[in-house]
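Enquirer: So that we are looking at the same thing, I have put the structure below in structure tokens.
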Amino acid sequence: MASAANSISGHILDPLGAHVPNAKIALIADGKEVATTSSDSDGAYTFVSISASRYTIRASAPGFASAESTPVVARSYGQTVLDLILPLGAISQQIVVTATGTDLPQSQVGASVSLVNDKDLAGRLAAFESLRVASGIQGVQTGGLGGKASLFVRGANSTSNKVLIDGVPADDIGGTYEFANLAANSIDSVEIFRGPNSVLFGSDAIGSVVNVTTRRGLTVTPQVELMAEAGTFGTYDYSANLSGAYRAFDYLSEFSRVDSRNNLPNDAYHNATFAGNYGWSPLASTELRLNVRRNVSNVGQPNEFDAFKIADDSYLKEQNTFIAATLQNQTTQNWHNLIRYGAARISLQSVNPALSGIPFDPFPGFDFGPNGVGQTVTLCSPSGCTSPGQAILDFAGTFPTDFDSLTSRDFLQTQSDYRFSSHLTALFGFRYENERGVTNSAFSRNSTSRDNFSYTLQAQGDLSRRLYATAGIGLEKNAVFGFAATPKVSLAYYIAPPSDKTLSGTKLRFNFGKGIKEPSIFNETSSLFNILTQSAPQLVAQFHVNPAGPERSRSFDFGFEQGLFGSHVSLSQTFFHNSFYDQLEFVDKTLLPGLGVPAAAAAALPFGAAVNSLDYRALGAETELKFDLSHGVSAIATYTYTAAVVTRSFSSDNQFPSFNPAFPTIPIGAFSPLIGNRPFRIAPQVGSFAVAYSHQKFFASLSAYLSGRRDDSTFLTDSFFGTSLLLPNRNLDPGYQKLDVHAAYAIHPALQVFGTVENLLDQHYDAAYGFPSLPITVRAGLKFTIGGDAWRPRF
């Protein structure tokens, strides 16, 4: 392959990385074709003597679908290397990064990765609604817009997701992340790695990795987009963005705001988000990028309205800021380096202004004061109904009551990957992270400061373009639990390579990995070690008490992918077995000796301690079917079966389960699931499907999320502090189906009209017990586009 002092060169590849000869290649600048060439027998091409500008290449070859690259900046000197993969059939092979830490076609990956793109996000106020339609994922939201939104991936609990926003860990210390406030507007894609991946992403990547990427500016002519929509329940959504690319610079700034009163008292929601993505390529081999995202939200919290029939007056505020500065350098053609500084500031304030409910003092004369109770209700489940009663909405106390949480995280990450040959790449990574966190309530103030270090060693490659392998190990030194090592191995093997035949692309997949999660601030400060260190330090040395350990996971999954009808149809089947062990739970002091804690140490505690004593497992199967029906029609359908069960627990619920007199023989876990039962809110069966149609000026989509019944608790105490309003956990949350429709039509390049209907069937359901979801909602709006390449004159 020839090269020049000012050139763009590379290879045209098939999905397995083999070279594609005789491909037709066009060089595109400012939306115009400026040069053409063909790849040689090794798939190589070169464009020489080019001027400094921003370019893409478009390629096509017999038997392949055409493809266009992402934009690159070419300087008036130096060589720009740009490889392009041509897909087989109409179902494109996405490029993913969470599996190996480097850009790799999904066809060469043995792990399970889903990609949600901008079309999947169309018509959504929050990205959460699109994420839970992906394979293997369950989404639960407590109520309407802004209600707590959680993801459960393959049976992992909702704090087991490592969430990255433009490379910055966005979850709180211990894994909590609020998906309700992740606005969809500025997102380019969301990549979801299903399974643990602490090798690449360190602590908290115990169940999945959710990687969010912000859009970039692409148009040479500056582009302004203004969008406004309005809908039922006083819902308004506005956004404005400015984006573009000028020579070595690209830029995007977007502000969006969502307001809704929802459908319950004290349920109003506000979320404002700013997202910025700014890039500079001073050399063809070097890019500096700055990403900024900030969101401010406020939501009322009416609580379990279906159980109280009275709304609580509490509210929750959040202010989050994420910043990343990333420098990437292609040092040589085979050696790539990255260094990134990132910062996260996560702030939360929960306020209960006053006693809500009907004042009721169950023990007058004892000076406890009245509690606030709900209206008289009779609650029902598949096991039957309770006696009529009133639940305590607010316990007596001093108001207002506040809970505040503030987390600050700064980190420095370096990564170096070297390609020894076209068949072998090695990667080394290092990350230093400083975390500071404070939680403050009327009863306690807890804080932590941690310096954590992570190291990654990984190799990936292939044998004869049939067998693809990735193996790595992560080494973690955490300020709380000390040292931990996590391995990962994944394999992909093609029995039959992809082709345009009716039956082709038979791929076998296998993945094994372990994950770890650091303790939350509460679990760290409530651990046996911390409590005794403050109250009885001599017992720590006497009994060799250790700090709280990491929560751990172990995962196996294997399956196959099959292309059909010239790769217009793709079938995927995956089986998984996940073990989550050494999970932290609060154990009463009277139960600690059963875990081997010396009686003297247990007696020194005021109430109990957080201990690594909870285990559960989840095994199941995922089926995914993708279609490209031509003429702009595509579809996807998924089904996931999850058999999750608690195998060990020393919680008070498990040692002393509750009993409701209405169900005298059924033990109930009031606040945690019982051994042998399913974890709360994880359905054994979920499914989804989506159909999209795109043709010139028109786009439409229909999507659905279907959930089976789930175990849960009412979490209620009756007005006399009794258990009469607890229901049996089994299948407490009924199944439901949520169908959504979105359509958009471009009247003019500058004007688009669109509309969305959510919960099309107007189902009345509680995704979490007692929290009614929104009924049918309708929104419509306009989008104005000013500038951009569509406005450039054509000659």
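Residue numbering restarts at 1 in every chain; chains get A, B, ... in the order shown in the structure tokens, and ligands count up from 1 in that same order.
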So which bits of stretch 502-584 of chain A end up strand (DSSP E or B) when you DSSP the backbone, as a ChimeraX atom specification?

Expert: /A:503-517,527,551-564,569-584

Enquirer: Taking the DSSP assignment computed from this structure's backbone, write out as number ranges by chain all residues of stretch 2-146 of chain A that belong to helix (DSSP H, G or I).

Expert: A: 106-108, 118-121, 128-131

Enquirer: Taking 3 positions as the minimum chain separation for residues in the same chain, which residues sit within 6 Å of A:Val686 when counting only C-alpha atoms? Answer as a ChimeraX atom specification.

Expert: /A:639-640,706-708

Enquirer: Choose the residue, out of A:Val96, A:Ala134, A:Ala180, A:Leu218, that has the smallest atom-to-atom separation from A:Asp30; count only C-alpha atoms.

Expert: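 The answer is A:Leu218, which sits nearest to A:Asp30.
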
Enquirer: Can you work out which one of A:Ser555, A:Asn612, A:Asn352, A:Asn511 has the shortest atom-to-atom distance to A:Tyr493, counting only C-alpha atoms?

Expert: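 That would be A:Asn511, the residue with the smallest distance to A:Tyr493.
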
Enquirer: Show me, as a tab-separated table (two decimals) with N, CA, C and O atoms, in the first residue's frame, the residues that have an atom within 6 Å of A:Phe689 when counting only C-alpha atoms, minus same-chain residues fewer than 4 positions from it.

Expert:
chain	number	residue	atom	x	y	z
A	636	ILE	N	-37.09	-6.02	15.70
A	636	ILE	CA	-36.34	-6.81	16.67
A	636	ILE	C	-37.32	-7.33	17.72
A	636	ILE	O	-38.26	-6.62	18.10
A	637	ALA	N	-37.13	-8.56	18.17
A	637	ALA	CA	-37.94	-9.15	19.22
A	637	ALA	C	-37.01	-9.87	20.19
A	637	ALA	O	-36.05	-10.53	19.77
A	703	SER	N	-42.92	0.18	19.68
A	703	SER	CA	-42.12	-0.63	20.60
A	703	SER	C	-42.98	-1.09	21.76
A	703	SER	O	-43.97	-0.44	22.11
A	704	ALA	N	-42.58	-2.20	22.35
A	704	ALA	CA	-43.35	-2.76	23.46
A	704	ALA	C	-42.41	-3.40	24.47
A	704	ALA	O	-41.39	-3.99	24.11

Enquirer: Would you pick out the contacts of A:Gly594 at 12 Å or less, using only C-alpha atoms, so that residues sharing its chain but fewer than 3 positions from it are not included, and give the list as a VMD selection string?

Expert: chain A and resid 587 to 591 597 to 599 602 611 613 649 to 651 655
